[in-house]
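Just coords.pdb here, PDB, C-alpha atoms and all ligand atoms:
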ATOM      1  CA  MET A   1      -7.520  -0.430 -19.522
ATOM      2  CA  ARG A   2      -5.360  -3.485 -19.981
ATOM      3  CA  ALA A   3      -4.636  -6.627 -18.020
ATOM      4  CA  LEU A   4      -1.234  -6.557 -16.346
ATOM      5  CA  ARG A   5       0.664  -9.797 -15.831
ATOM      6  CA  LEU A   6       3.842  -9.220 -13.961
ATOM      7  CA  LEU A   7       6.015 -11.176 -11.549
ATOM      8  CA  PRO A   8       8.823  -9.066 -10.100
ATOM      9  CA  GLN A   9      11.527 -10.691  -8.004
ATOM     10  CA  SER A  10      11.145  -8.012  -5.378
ATOM     11  CA  ALA A  11       8.446  -5.487  -4.570
ATOM     12  CA  MET A  12       7.715  -2.930  -1.893
ATOM     13  CA  ALA A  13       4.289  -1.769  -0.789
ATOM     14  CA  ILE A  14       4.315   1.593   0.982
ATOM     15  CA  TYR A  15       1.047   2.583   2.648
ATOM     16  CA  ALA A  16      -0.087   4.951   5.381
ATOM     17  CA  HIS A  17      -2.137   2.786   7.755
ATOM     18  CA  PRO A  18      -1.825  -0.827   8.916
ATOM     19  CA  ASP A  19      -4.825  -2.050   6.843
ATOM     20  CA  ASP A  20      -4.321   0.029   3.693
ATOM     21  CA  ALA A  21      -2.139  -2.407   1.727
ATOM     22  CA  ASP A  22      -4.566  -5.287   2.243
ATOM     23  CA  VAL A  23      -7.588  -3.279   1.144
ATOM     24  CA  ALA A  24      -5.847  -1.694  -1.851
ATOM     25  CA  ALA A  25      -3.514  -4.401  -3.131
ATOM     26  CA  GLY A  26      -3.818  -7.504  -0.942
ATOM     27  CA  GLY A  27      -4.656  -9.774  -3.889
ATOM     28  CA  LEU A  28      -1.692  -8.613  -5.926
ATOM     29  CA  LEU A  29       0.789  -8.787  -3.043
ATOM     30  CA  ALA A  30      -0.392 -12.274  -2.005
ATOM     31  CA  GLN A  31      -0.127 -13.475  -5.605
ATOM     32  CA  TRP A  32       3.412 -12.177  -5.970
ATOM     33  CA  ALA A  33       4.495 -13.600  -2.600
ATOM     34  CA  ASN A  34       2.961 -16.995  -3.524
ATOM     35  CA  GLU A  35       4.940 -17.027  -6.730
ATOM     36  CA  GLY A  36       8.298 -16.280  -5.106
ATOM     37  CA  CYS A  37       8.531 -12.484  -5.121
ATOM     38  CA  ALA A  38      10.081 -10.918  -2.013
ATOM     39  CA  VAL A  39       7.322  -8.576  -0.863
ATOM     40  CA  HIS A  40       8.341  -5.888   1.616
ATOM     41  CA  LEU A  41       5.603  -3.966   3.383
ATOM     42  CA  VAL A  42       6.183  -0.471   4.773
ATOM     43  CA  VAL A  43       3.507   1.156   6.926
ATOM     44  CA  VAL A  44       4.036   4.786   7.837
ATOM     45  CA  CYS A  45       1.474   5.296  10.640
ATOM     46  CA  ASP A  46       0.847   3.479  13.904
ATOM     47  CA  GLY A  47      -2.945   3.330  13.469
ATOM     48  CA  SER A  48      -3.473   4.954  16.871
ATOM     49  CA  LYS A  49      -6.406   7.174  15.810
ATOM     50  CA  GLY A  50      -8.339   4.552  13.859
ATOM     51  CA  SER A  51     -11.458   4.628  16.030
ATOM     52  CA  HIS A  52     -14.806   6.424  16.179
ATOM     53  CA  THR A  53     -15.096   5.836  19.941
ATOM     54  CA  PRO A  54     -13.817   8.700  22.130
ATOM     55  CA  GLN A  55     -13.037   6.307  25.017
ATOM     56  CA  THR A  56     -10.504   4.393  22.901
ATOM     57  CA  ASP A  57      -6.993   4.495  24.345
ATOM     58  CA  PRO A  58      -4.630   5.363  21.461
ATOM     59  CA  GLY A  59      -1.718   3.465  23.028
ATOM     60  CA  SER A  60      -3.748   0.283  23.344
ATOM     61  CA  LEU A  61      -5.130   0.660  19.824
ATOM     62  CA  ARG A  62      -1.610   1.107  18.517
ATOM     63  CA  GLU A  63      -0.564  -2.206  20.072
ATOM     64  CA  ILE A  64      -3.657  -4.009  18.773
ATOM     65  CA  ARG A  65      -3.038  -2.701  15.292
ATOM     66  CA  ARG A  66       0.588  -3.780  15.374
ATOM     67  CA  VAL A  67      -0.548  -7.343  16.050
ATOM     68  CA  GLU A  68      -3.216  -7.131  13.316
ATOM     69  CA  LEU A  69      -0.644  -5.788  10.855
ATOM     70  CA  GLN A  70       1.741  -8.687  11.466
ATOM     71  CA  LEU A  71      -1.084 -11.220  11.170
ATOM     72  CA  ALA A  72      -2.230  -9.723   7.856
ATOM     73  CA  ALA A  73       1.324  -9.485   6.519
ATOM     74  CA  ASP A  74       1.886 -13.161   7.366
ATOM     75  CA  LEU A  75      -1.318 -14.075   5.509
ATOM     76  CA  LEU A  76      -0.093 -12.196   2.436
ATOM     77  CA  GLY A  77       3.302 -13.862   2.729
ATOM     78  CA  ALA A  78       5.244 -10.621   3.126
ATOM     79  CA  LYS A  79       8.958 -11.101   3.655
ATOM     80  CA  SER A  80       9.299  -8.071   5.916
ATOM     81  CA  VAL A  81       7.118  -5.494   7.620
ATOM     82  CA  THR A  82       8.471  -2.107   8.636
ATOM     83  CA  CYS A  83       6.295   0.237  10.664
ATOM     84  CA  LEU A  84       7.542   3.825  10.818
ATOM     85  CA  ASP A  85       5.271   4.583  13.776
ATOM     86  CA  ARG A  86       4.144   8.068  12.894
ATOM     87  CA  PRO A  87       0.920   8.914  14.729
ATOM     88  CA  ASP A  88      -2.182   8.832  12.518
ATOM     89  CA  GLY A  89      -2.714  12.256  10.968
ATOM     90  CA  GLY A  90       0.986  13.050  11.422
ATOM     91  CA  VAL A  91       2.321  12.157   7.994
ATOM     92  CA  SER A  92       4.028  14.858   5.990
ATOM     93  CA  ASN A  93       6.022  14.488   2.850
ATOM     94  CA  ASP A  94       9.054  15.816   4.731
ATOM     95  CA  GLU A  95      12.743  15.198   4.316
ATOM     96  CA  GLU A  96      12.847  12.748   7.212
ATOM     97  CA  LEU A  97      10.176  10.524   5.668
ATOM     98  CA  ARG A  98      11.763  10.695   2.216
ATOM     99  CA  ALA A  99      15.158   9.806   3.690
ATOM    100  CA  THR A 100      13.656   6.804   5.476
ATOM    101  CA  LEU A 101      11.853   5.597   2.353
ATOM    102  CA  VAL A 102      14.947   6.066   0.205
ATOM    103  CA  GLY A 103      16.937   4.013   2.721
ATOM    104  CA  LEU A 104      14.365   1.192   2.634
ATOM    105  CA  ILE A 105      14.183   1.237  -1.170
ATOM    106  CA  ARG A 106      17.966   1.086  -1.450
ATOM    107  CA  GLN A 107      18.121  -1.711   1.141
ATOM    108  CA  HIS A 108      15.429  -3.959  -0.393
ATOM    109  CA  ARG A 109      15.910  -2.867  -4.032
ATOM    110  CA  PRO A 110      12.351  -3.483  -5.276
ATOM    111  CA  GLU A 111      11.595  -3.726  -8.989
ATOM    112  CA  VAL A 112       8.090  -2.437  -8.311
ATOM    113  CA  VAL A 113       6.762  -0.052  -5.656
ATOM    114  CA  VAL A 114       3.044  -0.190  -4.874
ATOM    115  CA  GLY A 115       1.292   2.596  -2.952
ATOM    116  CA  PRO A 116      -1.440   5.233  -2.913
ATOM    117  CA  ASP A 117      -1.978   7.693  -5.763
ATOM    118  CA  PRO A 118      -1.653  11.075  -4.022
ATOM    119  CA  THR A 119      -3.487  12.977  -6.749
ATOM    120  CA  ALA A 120      -6.845  11.410  -5.873
ATOM    121  CA  THR A 121      -8.548  13.703  -3.375
ATOM    122  CA  PHE A 122     -12.339  13.356  -3.804
ATOM    123  CA  PHE A 123     -14.199  10.097  -4.375
ATOM    124  CA  GLY A 124     -17.724  10.028  -5.707
ATOM    125  CA  GLY A 125     -18.825  13.198  -3.967
ATOM    126  CA  VAL A 126     -18.889  11.354  -0.636
ATOM    127  CA  TYR A 127     -15.307  10.810   0.485
ATOM    128  CA  VAL A 128     -12.209  12.940   0.953
ATOM    129  CA  ASN A 129      -9.030  10.905   0.688
ATOM    130  CA  HIS A 130      -7.198  10.811   4.023
ATOM    131  CA  ARG A 131      -4.333  13.246   4.383
ATOM    132  CA  ASP A 132      -2.037  10.397   5.472
ATOM    133  CA  HIS A 133      -2.778   8.561   2.196
ATOM    134  CA  ARG A 134      -2.029  11.649   0.116
ATOM    135  CA  GLU A 135       1.149  12.593   1.991
ATOM    136  CA  THR A 136       2.418   9.004   1.903
ATOM    137  CA  GLY A 137       1.738   8.920  -1.829
ATOM    138  CA  TRP A 138       3.675  12.116  -2.469
ATOM    139  CA  ALA A 139       6.556  10.965  -0.262
ATOM    140  CA  LEU A 140       6.874   7.625  -2.057
ATOM    141  CA  LEU A 141       6.777   9.295  -5.472
ATOM    142  CA  ASP A 142       9.535  11.680  -4.430
ATOM    143  CA  ALA A 143      11.548   8.892  -2.812
ATOM    144  CA  VAL A 144      11.347   6.705  -5.931
ATOM    145  CA  ALA A 145      11.711   9.345  -8.616
ATOM    146  CA  PRO A 146      14.321  10.524  -8.535
ATOM    147  CA  ALA A 147      15.830  10.393  -5.028
ATOM    148  CA  ALA A 148      16.510   6.643  -4.545
ATOM    149  CA  ALA A 149      17.973   6.381  -8.040
ATOM    150  CA  MET A 150      20.448   9.235  -7.717
ATOM    151  CA  PRO A 151      23.476   8.844  -5.460
ATOM    152  CA  LEU A 152      23.789  12.493  -4.450
ATOM    153  CA  TYR A 153      20.364  12.362  -2.782
ATOM    154  CA  PHE A 154      20.680  11.017   0.765
ATOM    155  CA  PRO A 155      24.215   9.704   0.157
ATOM    156  CA  THR A 156      24.371   8.008   3.558
ATOM    157  CA  LYS A 157      21.275   5.905   2.817
ATOM    158  CA  GLY A 158      22.839   3.193   0.697
ATOM    159  CA  GLU A 159      23.667   2.516  -2.920
ATOM    160  CA  ALA A 160      21.366   4.158  -5.467
ATOM    161  CA  HIS A 161      18.556   1.987  -6.817
ATOM    162  CA  GLN A 162      16.212   2.634  -9.738
ATOM    163  CA  VAL A 163      12.695   1.306  -9.225
ATOM    164  CA  GLY A 164      11.326   0.098 -12.561
ATOM    165  CA  ARG A 165       7.620   0.591 -12.064
ATOM    166  CA  LEU A 166       5.089   2.251  -9.787
ATOM    167  CA  LEU A 167       1.637   0.778  -9.306
ATOM    168  CA  LEU A 168      -0.639   3.314  -7.643
ATOM    169  CA  SER A 169      -3.909   2.309  -6.008
ATOM    170  CA  GLY A 170      -6.887   4.423  -4.995
ATOM    171  CA  THR A 171      -6.501   6.253  -8.270
ATOM    172  CA  HIS A 172      -8.850   8.145 -10.566
ATOM    173  CA  GLU A 173      -6.695   7.204 -13.529
ATOM    174  CA  PRO A 174      -6.305   3.428 -13.470
ATOM    175  CA  ASP A 175      -4.825   1.954 -16.637
ATOM    176  CA  VAL A 176      -4.019  -1.607 -15.604
ATOM    177  CA  VAL A 177      -5.941  -4.380 -13.868
ATOM    178  CA  VAL A 178      -4.287  -7.340 -12.188
ATOM    179  CA  ASP A 179      -6.337 -10.552 -12.116
ATOM    180  CA  VAL A 180      -6.427 -11.552  -8.434
ATOM    181  CA  SER A 181      -8.942 -14.382  -8.753
ATOM    182  CA  GLY A 182      -6.409 -16.833  -7.296
ATOM    183  CA  THR A 183      -5.801 -14.825  -4.133
ATOM    184  CA  ILE A 184      -9.080 -13.028  -3.508
ATOM    185  CA  ASP A 185      -9.812 -15.204  -0.472
ATOM    186  CA  THR A 186      -6.369 -14.491   0.979
ATOM    187  CA  LYS A 187      -7.138 -10.808   0.499
ATOM    188  CA  VAL A 188     -10.411 -11.239   2.382
ATOM    189  CA  GLN A 189      -8.580 -12.995   5.233
ATOM    190  CA  ALA A 190      -5.945 -10.241   5.352
ATOM    191  CA  VAL A 191      -8.626  -7.538   5.508
ATOM    192  CA  LEU A 192     -10.419  -9.503   8.237
ATOM    193  CA  ALA A 193      -7.172  -9.639  10.246
ATOM    194  CA  HIS A 194      -7.706  -5.948  11.031
ATOM    195  CA  GLY A 195     -10.497  -6.718  13.477
ATOM    196  CA  SER A 196     -10.327  -3.291  15.142
ATOM    197  CA  GLN A 197     -11.230  -1.627  11.837
ATOM    198  CA  LEU A 198     -14.114  -3.757  10.655
ATOM    199  CA  ALA A 199     -17.586  -2.281  10.322
ATOM    200  CA  GLY A 200     -19.639  -5.440   9.864
ATOM    201  CA  ASP A 201     -19.296  -9.173  10.271
ATOM    202  CA  ALA A 202     -16.991 -11.393   8.234
ATOM    203  CA  GLU A 203     -19.621 -12.193   5.624
ATOM    204  CA  GLU A 204     -20.425  -8.523   5.032
ATOM    205  CA  ILE A 205     -16.742  -7.646   4.728
ATOM    206  CA  ARG A 206     -16.193 -10.513   2.286
ATOM    207  CA  ASP A 207     -19.114  -9.300   0.170
ATOM    208  CA  VAL A 208     -17.667  -5.780   0.052
ATOM    209  CA  VAL A 209     -14.197  -7.054  -0.935
ATOM    210  CA  TYR A 210     -15.703  -9.397  -3.531
ATOM    211  CA  GLY A 211     -17.948  -6.664  -4.927
ATOM    212  CA  ARG A 212     -15.141  -4.155  -5.378
ATOM    213  CA  ALA A 213     -12.853  -6.771  -6.935
ATOM    214  CA  GLU A 214     -15.570  -7.919  -9.339
ATOM    215  CA  GLN A 215     -16.086  -4.336 -10.460
ATOM    216  CA  ALA A 216     -12.335  -3.772 -10.869
ATOM    217  CA  GLY A 217     -11.884  -7.003 -12.851
ATOM    218  CA  ARG A 218     -14.766  -6.485 -15.275
ATOM    219  CA  PRO A 219     -12.986  -4.259 -17.868
ATOM    220  CA  VAL A 220     -10.429  -7.003 -18.555
ATOM    221  CA  GLY A 221     -12.710 -10.003 -18.110
ATOM    222  CA  ALA A 222     -11.232 -11.086 -14.762
ATOM    223  CA  ALA A 223     -13.554 -12.534 -12.129
ATOM    224  CA  PHE A 224     -11.713 -10.501  -9.492
ATOM    225  CA  GLY A 225      -9.252  -7.698 -10.090
ATOM    226  CA  GLU A 226      -7.310  -4.839  -8.567
ATOM    227  CA  ALA A 227      -6.829  -1.662 -10.604
ATOM    228  CA  PHE A 228      -3.781   0.589 -10.589
ATOM    229  CA  ARG A 229      -2.207   3.521 -12.353
ATOM    230  CA  SER A 230       1.017   2.110 -13.777
ATOM    231  CA  VAL A 231       4.103   4.233 -14.274
ATOM    232  CA  GLU A 232       7.034   2.602 -16.017
ATOM    233  CA  LEU A 233      10.028   4.677 -15.104
ATOM    234  CA  ALA A 234      12.384   5.354 -17.981
ATOM    235  CA  PHE A 235      16.045   5.263 -17.115
TER
HETATM  236 ZN    ZN A 301      -5.773   4.366   5.509
END
What is this file in structure tokens?
Amino acid sequence: MRALRLLPQSAMAIYAHPDDADVAAGGLLAQWANEGCAVHLVVVCDGSKGSHTPQTDPGSLREIRRVELQLAADLLGAKSVTCLDRPDGGVSNDEELRATLVGLIRQHRPEVVVGPDPTATFFGGVYVNHRDHRETGWALLDAVAPAAAMPLYFPTKGEAHQVGRLLLSGTHEPDVVVDVSGTIDTKVQAVLAHGSQLAGDAEEIRDVVYGRAEQAGRPVGAAFGEAFRSVELAF
């Protein structure tokens, strides 16, 4: 495990659900945005099934989550937010999704793409990684390497662009930690912006975010960290 210090000029975070980027990489994205990086956020799903209450109206929840997403993205300092509006549970690594992601990558031309590691399925014997996270992860890998970089893939989707690095969260094979001590409170605020998804009050949520970030930072001596699997793409 090593500390990663990096400031790209442009970055894209591609996640499945409206709150995923904040939970997984909110400290990193806020830090980059603060320091002048153009951070583009892409959310594949509309969040319409994110409830344990059968009486919840999916259409209303979708609208609530759209507002929460924009609020959180503004807190992080994201330059753009694109919601692809697939229903929750409806993500597949299909050609349509890859074409859309390739188009966005070629439009915004990020040096770094951040997103979920699709190879992580089971966590600690108590959690199965959501299908939408896994499918989004596979789709972004396929969109970045090689499709976006090669002009004969999706030739109508813009000029080819080679992403330099992938940072994958929710991974079983983290090899870098980013020190997010300067933006941990922004991350907490961004997570709290997703009021429809919170199980607990603000103090409890803050303690959970702090606790996970302390654990992630420890191997590199950071007070608060976020861990990723880093892939530097050779080209
Ligand atoms: Zn999610």
Would you mind listing, for every residue of chain A within 7 Å of ligand ZN 301 (chain A), the two atoms forming the shortest contact and the distance between them in Å to one decimal, using all atoms listed in the file, sorted by chain and ascending residue number, as a tab-separated table?
residue	atom	partner	partner_atom	distance
A:Ala16	CA	A:ZN301	ZN	5.7
A:His17	CA	A:ZN301	ZN	4.6
A:Asp19	CA	A:ZN301	ZN	6.6
A:Asp20	CA	A:ZN301	ZN	4.9
A:His130	CA	A:ZN301	ZN	6.8
A:His133	CA	A:ZN301	ZN	6.1
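One finds CA of Leu7 (chain A) at 14.3 Å from CA of Gly182 (chain A).
CA of Thr171 (chain A) sits 18.7 Å away from CA of Asn93 (chain A).
Applied to this file, the PyMOL selection byres (((chain A and resi 94-106) around 8) and not hetatm) selects the residues Met12, Ser92, Asn93, Gln107, His108, Arg109, Pro110, Ala139, Leu140, Asp142, Ala143, Val144, Ala147, Ala148, Phe154, Lys157, Gly158, Glu159, Ala160 and His161 of chain A.
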>> If the PyMOL selection byres (((chain A and resi 43-47) around 8) and not hetatm) were run on this exact file, what residues would it hold? Put them as an MDAnalysis selection string.
In response: chainID A and resid 14:18 41:42 48:50 61:62 65:66 81:88 90:91 136
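For the pair CA of Glu35 (chain A) and CA of Pro174 (chain A), the interatomic distance is 24.3 Å.
The shortest atom-to-atom distance to Thr183 (chain A), with only C-alpha atoms taken into account, belongs to A:Ala30 out of A:Ala30, A:Ala3, A:Ala73, A:Ala213.
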Mind completing region 9-29 of chain A with N, CA, C and O atoms? Output as a PDB file, keeping the file's coordinate frame, please?
ATOM      1  N   GLN A   9      10.807  -9.895  -9.023  1.00  0.00           N
ATOM      2  CA  GLN A   9      11.527 -10.691  -8.004  1.00  0.00           C
ATOM      3  C   GLN A   9      11.431 -10.051  -6.631  1.00  0.00           C
ATOM      4  O   GLN A   9      11.526 -10.718  -5.620  1.00  0.00           O
ATOM      5  N   SER A  10      11.258  -8.722  -6.657  1.00  0.00           N
ATOM      6  CA  SER A  10      11.145  -8.012  -5.378  1.00  0.00           C
ATOM      7  C   SER A  10      10.185  -6.844  -5.557  1.00  0.00           C
ATOM      8  O   SER A  10      10.138  -6.231  -6.630  1.00  0.00           O
ATOM      9  N   ALA A  11       9.426  -6.577  -4.515  1.00  0.00           N
ATOM     10  CA  ALA A  11       8.446  -5.487  -4.570  1.00  0.00           C
ATOM     11  C   ALA A  11       8.327  -4.874  -3.190  1.00  0.00           C
ATOM     12  O   ALA A  11       8.584  -5.530  -2.179  1.00  0.00           O
ATOM     13  N   MET A  12       7.939  -3.605  -3.170  1.00  0.00           N
ATOM     14  CA  MET A  12       7.715  -2.930  -1.893  1.00  0.00           C
ATOM     15  C   MET A  12       6.366  -2.234  -1.944  1.00  0.00           C
ATOM     16  O   MET A  12       6.063  -1.526  -2.908  1.00  0.00           O
ATOM     17  N   ALA A  13       5.560  -2.479  -0.924  1.00  0.00           N
ATOM     18  CA  ALA A  13       4.289  -1.769  -0.789  1.00  0.00           C
ATOM     19  C   ALA A  13       4.449  -0.749   0.323  1.00  0.00           C
ATOM     20  O   ALA A  13       4.856  -1.104   1.436  1.00  0.00           O
ATOM     21  N   ILE A  14       4.168   0.511   0.004  1.00  0.00           N
ATOM     22  CA  ILE A  14       4.315   1.593   0.982  1.00  0.00           C
ATOM     23  C   ILE A  14       2.937   2.213   1.187  1.00  0.00           C
ATOM     24  O   ILE A  14       2.372   2.801   0.249  1.00  0.00           O
ATOM     25  N   TYR A  15       2.389   2.063   2.367  1.00  0.00           N
ATOM     26  CA  TYR A  15       1.047   2.583   2.648  1.00  0.00           C
ATOM     27  C   TYR A  15       1.027   3.319   3.975  1.00  0.00           C
ATOM     28  O   TYR A  15       1.932   3.176   4.799  1.00  0.00           O
ATOM     29  N   ALA A  16      -0.020   4.113   4.188  1.00  0.00           N
ATOM     30  CA  ALA A  16      -0.087   4.951   5.381  1.00  0.00           C
ATOM     31  C   ALA A  16      -0.465   4.151   6.628  1.00  0.00           C
ATOM     32  O   ALA A  16       0.211   4.243   7.659  1.00  0.00           O
ATOM     33  N   HIS A  17      -1.567   3.403   6.549  1.00  0.00           N
ATOM     34  CA  HIS A  17      -2.137   2.786   7.755  1.00  0.00           C
ATOM     35  C   HIS A  17      -1.986   1.258   7.714  1.00  0.00           C
ATOM     36  O   HIS A  17      -1.822   0.679   6.624  1.00  0.00           O
ATOM     37  N   PRO A  18      -2.099   0.616   8.866  1.00  0.00           N
ATOM     38  CA  PRO A  18      -1.825  -0.827   8.916  1.00  0.00           C
ATOM     39  C   PRO A  18      -2.705  -1.677   7.995  1.00  0.00           C
ATOM     40  O   PRO A  18      -2.275  -2.740   7.563  1.00  0.00           O
ATOM     41  N   ASP A  19      -3.933  -1.234   7.688  1.00  0.00           N
ATOM     42  CA  ASP A  19      -4.825  -2.050   6.843  1.00  0.00           C
ATOM     43  C   ASP A  19      -4.852  -1.612   5.381  1.00  0.00           C
ATOM     44  O   ASP A  19      -5.479  -2.264   4.548  1.00  0.00           O
ATOM     45  N   ASP A  20      -4.180  -0.539   5.042  1.00  0.00           N
ATOM     46  CA  ASP A  20      -4.321   0.029   3.693  1.00  0.00           C
ATOM     47  C   ASP A  20      -3.846  -0.915   2.586  1.00  0.00           C
ATOM     48  O   ASP A  20      -4.497  -1.050   1.541  1.00  0.00           O
ATOM     49  N   ALA A  21      -2.698  -1.553   2.794  1.00  0.00           N
ATOM     50  CA  ALA A  21      -2.139  -2.407   1.727  1.00  0.00           C
ATOM     51  C   ALA A  21      -3.070  -3.565   1.416  1.00  0.00           C
ATOM     52  O   ALA A  21      -3.235  -3.950   0.251  1.00  0.00           O
ATOM     53  N   ASP A  22      -3.685  -4.125   2.455  1.00  0.00           N
ATOM     54  CA  ASP A  22      -4.566  -5.287   2.243  1.00  0.00           C
ATOM     55  C   ASP A  22      -5.802  -4.886   1.456  1.00  0.00           C
ATOM     56  O   ASP A  22      -6.227  -5.580   0.537  1.00  0.00           O
ATOM     57  N   VAL A  23      -6.383  -3.754   1.823  1.00  0.00           N
ATOM     58  CA  VAL A  23      -7.588  -3.279   1.144  1.00  0.00           C
ATOM     59  C   VAL A  23      -7.272  -2.910  -0.311  1.00  0.00           C
ATOM     60  O   VAL A  23      -8.014  -3.248  -1.230  1.00  0.00           O
ATOM     61  N   ALA A  24      -6.142  -2.243  -0.521  1.00  0.00           N
ATOM     62  CA  ALA A  24      -5.847  -1.694  -1.851  1.00  0.00           C
ATOM     63  C   ALA A  24      -5.204  -2.711  -2.792  1.00  0.00           C
ATOM     64  O   ALA A  24      -5.475  -2.702  -3.991  1.00  0.00           O
ATOM     65  N   ALA A  25      -4.355  -3.562  -2.248  1.00  0.00           N
ATOM     66  CA  ALA A  25      -3.514  -4.401  -3.131  1.00  0.00           C
ATOM     67  C   ALA A  25      -3.234  -5.779  -2.546  1.00  0.00           C
ATOM     68  O   ALA A  25      -2.286  -6.439  -2.958  1.00  0.00           O
ATOM     69  N   GLY A  26      -4.071  -6.228  -1.618  1.00  0.00           N
ATOM     70  CA  GLY A  26      -3.818  -7.504  -0.942  1.00  0.00           C
ATOM     71  C   GLY A  26      -3.781  -8.685  -1.895  1.00  0.00           C
ATOM     72  O   GLY A  26      -2.984  -9.616  -1.715  1.00  0.00           O
ATOM     73  N   GLY A  27      -4.637  -8.671  -2.922  1.00  0.00           N
ATOM     74  CA  GLY A  27      -4.656  -9.774  -3.889  1.00  0.00           C
ATOM     75  C   GLY A  27      -3.367  -9.832  -4.689  1.00  0.00           C
ATOM     76  O   GLY A  27      -2.777 -10.911  -4.872  1.00  0.00           O
ATOM     77  N   LEU A  28      -2.935  -8.694  -5.147  1.00  0.00           N
ATOM     78  CA  LEU A  28      -1.692  -8.613  -5.926  1.00  0.00           C
ATOM     79  C   LEU A  28      -0.486  -9.037  -5.092  1.00  0.00           C
ATOM     80  O   LEU A  28       0.353  -9.841  -5.531  1.00  0.00           O
ATOM     81  N   LEU A  29      -0.383  -8.503  -3.881  1.00  0.00           N
ATOM     82  CA  LEU A  29       0.789  -8.787  -3.043  1.00  0.00           C
ATOM     83  C   LEU A  29       0.833 -10.264  -2.653  1.00  0.00           C
ATOM     84  O   LEU A  29       1.904 -10.883  -2.654  1.00  0.00           O
TER      85      LEU A  29
END
